[in-house]
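Q: Contents of data10.txt (compact mmCIF, C-alpha atoms) are given next:
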```
# COMPACT_ATOMS: atom_id res chain seq x y z
CA MET A 153 -78.22 20.93 5.64
CA ILE A 154 -76.14 18.05 4.24
CA SER A 155 -72.47 18.17 5.16
CA LYS A 156 -69.81 18.47 2.48
CA ASN A 157 -68.21 15.17 3.55
CA LYS A 158 -71.53 13.33 3.18
CA ILE A 159 -71.97 14.68 -0.37
CA PHE A 160 -68.33 13.89 -1.21
CA ASP A 161 -68.73 10.30 0.08
CA SER A 162 -71.91 9.77 -1.91
CA PHE A 163 -70.22 10.96 -5.11
CA GLU A 164 -67.27 8.68 -4.34
CA GLU A 165 -69.70 5.75 -4.17
CA PHE A 166 -71.36 6.97 -7.38
CA ILE A 167 -68.02 7.10 -9.19
CA ALA A 168 -66.90 3.68 -7.81
CA VAL A 169 -69.72 1.78 -9.51
CA PRO A 170 -69.02 3.00 -13.06
CA LEU A 171 -65.28 2.68 -12.48
CA SER A 172 -65.68 -1.03 -11.83
CA ILE A 173 -67.08 -1.28 -15.36
CA LEU A 174 -64.61 1.21 -16.86
CA LYS A 175 -61.60 0.01 -14.89
CA ASN A 176 -58.97 0.02 -17.64
CA ARG A 177 -60.09 3.22 -19.33
CA ILE A 178 -58.59 6.66 -18.99
CA ILE A 179 -61.04 9.07 -17.37
CA GLN A 180 -60.84 12.69 -18.45
CA ILE A 181 -62.95 15.41 -16.85
CA THR A 182 -63.20 18.76 -18.60
CA GLY A 183 -64.93 21.94 -17.48
CA PHE A 184 -66.28 24.46 -19.98
CA LYS A 185 -67.72 27.91 -19.43
CA SER A 186 -69.74 29.31 -22.28
CA ASP A 187 -71.64 32.55 -22.70
CA PHE A 188 -73.46 31.07 -25.71
CA ILE A 189 -75.09 28.26 -23.72
CA SER A 190 -77.25 29.34 -20.81
CA SER A 191 -78.01 25.94 -19.27
CA LYS A 192 -75.82 23.64 -17.21
CA SER A 193 -75.13 20.15 -18.48
CA ILE A 194 -72.85 17.15 -18.12
CA ASN A 195 -72.04 15.13 -21.24
CA ILE A 196 -70.30 11.75 -21.18
CA GLU A 197 -68.51 10.31 -24.20
CA LEU A 198 -67.35 6.67 -24.13
CA SER A 199 -64.65 5.25 -26.36
CA PRO A 200 -62.92 1.86 -26.13
CA ASN A 201 -59.97 3.27 -24.17
CA SER A 202 -61.29 6.36 -22.43
CA VAL A 203 -64.21 8.19 -20.88
CA GLN A 204 -64.61 11.94 -21.41
CA ILE A 205 -66.87 13.81 -18.98
CA ASN A 206 -67.64 17.39 -20.05
CA CYS A 207 -69.17 19.72 -17.48
CA ILE A 208 -70.63 22.71 -19.33
CA ASN A 209 -71.33 25.81 -17.22
CA ASN A 210 -71.27 23.58 -14.15
CA GLU A 211 -68.16 24.43 -12.13
CA GLY A 212 -69.52 22.74 -9.00
CA ALA A 213 -69.99 19.37 -10.73
CA TYR A 214 -66.57 19.67 -12.39
CA ASN A 215 -64.85 20.40 -9.06
CA LEU A 216 -66.68 17.56 -7.32
CA LEU A 217 -65.96 14.96 -10.01
CA SER A 218 -62.33 16.06 -10.32
CA SER A 219 -61.85 15.83 -6.56
CA VAL A 220 -63.32 12.34 -6.40
CA VAL A 221 -61.18 11.04 -9.26
CA TYR A 222 -58.08 12.69 -7.73
CA LYS A 223 -58.84 11.10 -4.35
CA ARG A 224 -59.31 7.64 -5.90
CA ARG A 225 -56.03 7.93 -7.82
CA LEU A 226 -54.24 9.06 -4.66
CA ASN A 227 -55.65 6.06 -2.74
CA LYS A 228 -54.57 3.68 -5.52
CA LYS A 229 -51.08 5.19 -5.45
CA ARG A 230 -50.88 4.73 -1.67
CA GLU A 231 -52.06 1.12 -1.97
CA LEU A 232 -49.42 0.42 -4.61
CA GLU A 233 -46.71 2.02 -2.47
CA LYS A 234 -47.84 -0.11 0.49
CA GLU A 235 -47.73 -3.29 -1.62
CA ILE A 236 -44.23 -2.42 -2.85
CA LYS A 237 -43.06 -1.80 0.71
CA GLU A 238 -44.56 -5.11 1.89
CA TYR A 239 -42.87 -6.91 -1.01
CA GLU A 240 -39.52 -5.33 -0.16
CA ASN A 241 -39.92 -6.31 3.51
CA LYS A 242 -40.69 -9.93 2.53
CA LYS A 243 -37.72 -9.93 0.20
CA SER A 244 -35.48 -8.65 3.00
CA THR A 245 -36.65 -11.32 5.45
CA VAL A 246 -36.04 -14.05 2.87
CA PHE A 247 -32.47 -12.84 2.33
CA ILE A 248 -31.90 -12.68 6.10
CA GLU A 249 -33.23 -16.22 6.54
CA LEU A 250 -31.04 -17.48 3.69
CA ALA A 251 -28.00 -15.76 5.14
CA ASN A 252 -28.65 -17.26 8.60
CA SER A 253 -29.11 -20.82 7.28
```
Could you express the structure from this file as structure tokens?

A:
Amino acid sequence: MISKNKIFDSFEEFIAVPLSILKNRIIQITGFKSDFISSKSINIELSPNSVQINCINNEGAYNLLSSVVYKRRLNKKRELEKEIKEYENKKSTVFIELANS
């Protein structure tokens, strides 16, 4: 049996490739449950500014894709916070050096 982490990592890699192409677009993932449609499907709609992924009767795919996008956004936020902190530290050391000179 394949572990959950292995599946999650493979979907993260899967999402990373298209995101490099769709970098500046808003990604929206929507889950639909319908009694009128018996099959499961995933539809993707591209527009110049956004990507809409509709998971119809496929809660597992919706949860997986949503988790991956959430994790990527969280990582980007952490990277940005780290860059800001590094910038502030550099700024502080410059002021200290100027004050000491």

Q: Can you measure atom CA of Ser244 of chain A to atom CA of Arg225 of chain A for me? One decimal in Å is fine.

A: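 Taking atom CA of Ser244 of chain A and atom CA of Arg225 of chain A, their separation equals 28.5 Å.
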
Q: Compile the contact shell of Ile194 of chain A as a list in words: residues with an atom at most 7 Å away, counting all atoms listed in the file, same-chain residues fewer than 5 positions apart removed.

A: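 The filter keeps Ile205, Asn206, Cys207 and Ile208 of chain A.
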
Q: Quote the spacing between atom CA of Glu211 of chain A and atom CA of Gly183 of chain A in Å to one decimal place.

A: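 Spanning atom CA of Glu211 of chain A to atom CA of Gly183 of chain A is a straight-line distance of 6.7 Å.
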
Q: Near segment 188-190 of chain A, counting all atoms listed in the file, which residues have an atom at most 9 Å away, once you skip same-chain residues fewer than 2 positions from it, shown as a PDB file with C-alpha atoms, in the coordinates of the input?

A:
```pdb
ATOM      1  CA  LYS A 185     -67.720  27.910 -19.430  1.00  0.00           C
ATOM      2  CA  SER A 186     -69.740  29.310 -22.280  1.00  0.00           C
ATOM      3  CA  LYS A 192     -75.820  23.640 -17.210  1.00  0.00           C
ATOM      4  CA  ILE A 208     -70.630  22.710 -19.330  1.00  0.00           C
ATOM      5  CA  ASN A 209     -71.330  25.810 -17.220  1.00  0.00           C
TER       6      ASN A 209
END
```

Q: Would you mind telling me which residue in A:Leu226, A:Glu197, A:Ser191, A:Glu240 lies nearest to Asn210 of chain A when using all atoms listed in the file?

A: A:Ser191

Q: How many Å separate atom CA of Asn201 of chain A from atom CA of Ile178 of chain A?

A: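 Atom CA of Asn201 of chain A sits 6.3 Å away from atom CA of Ile178 of chain A.
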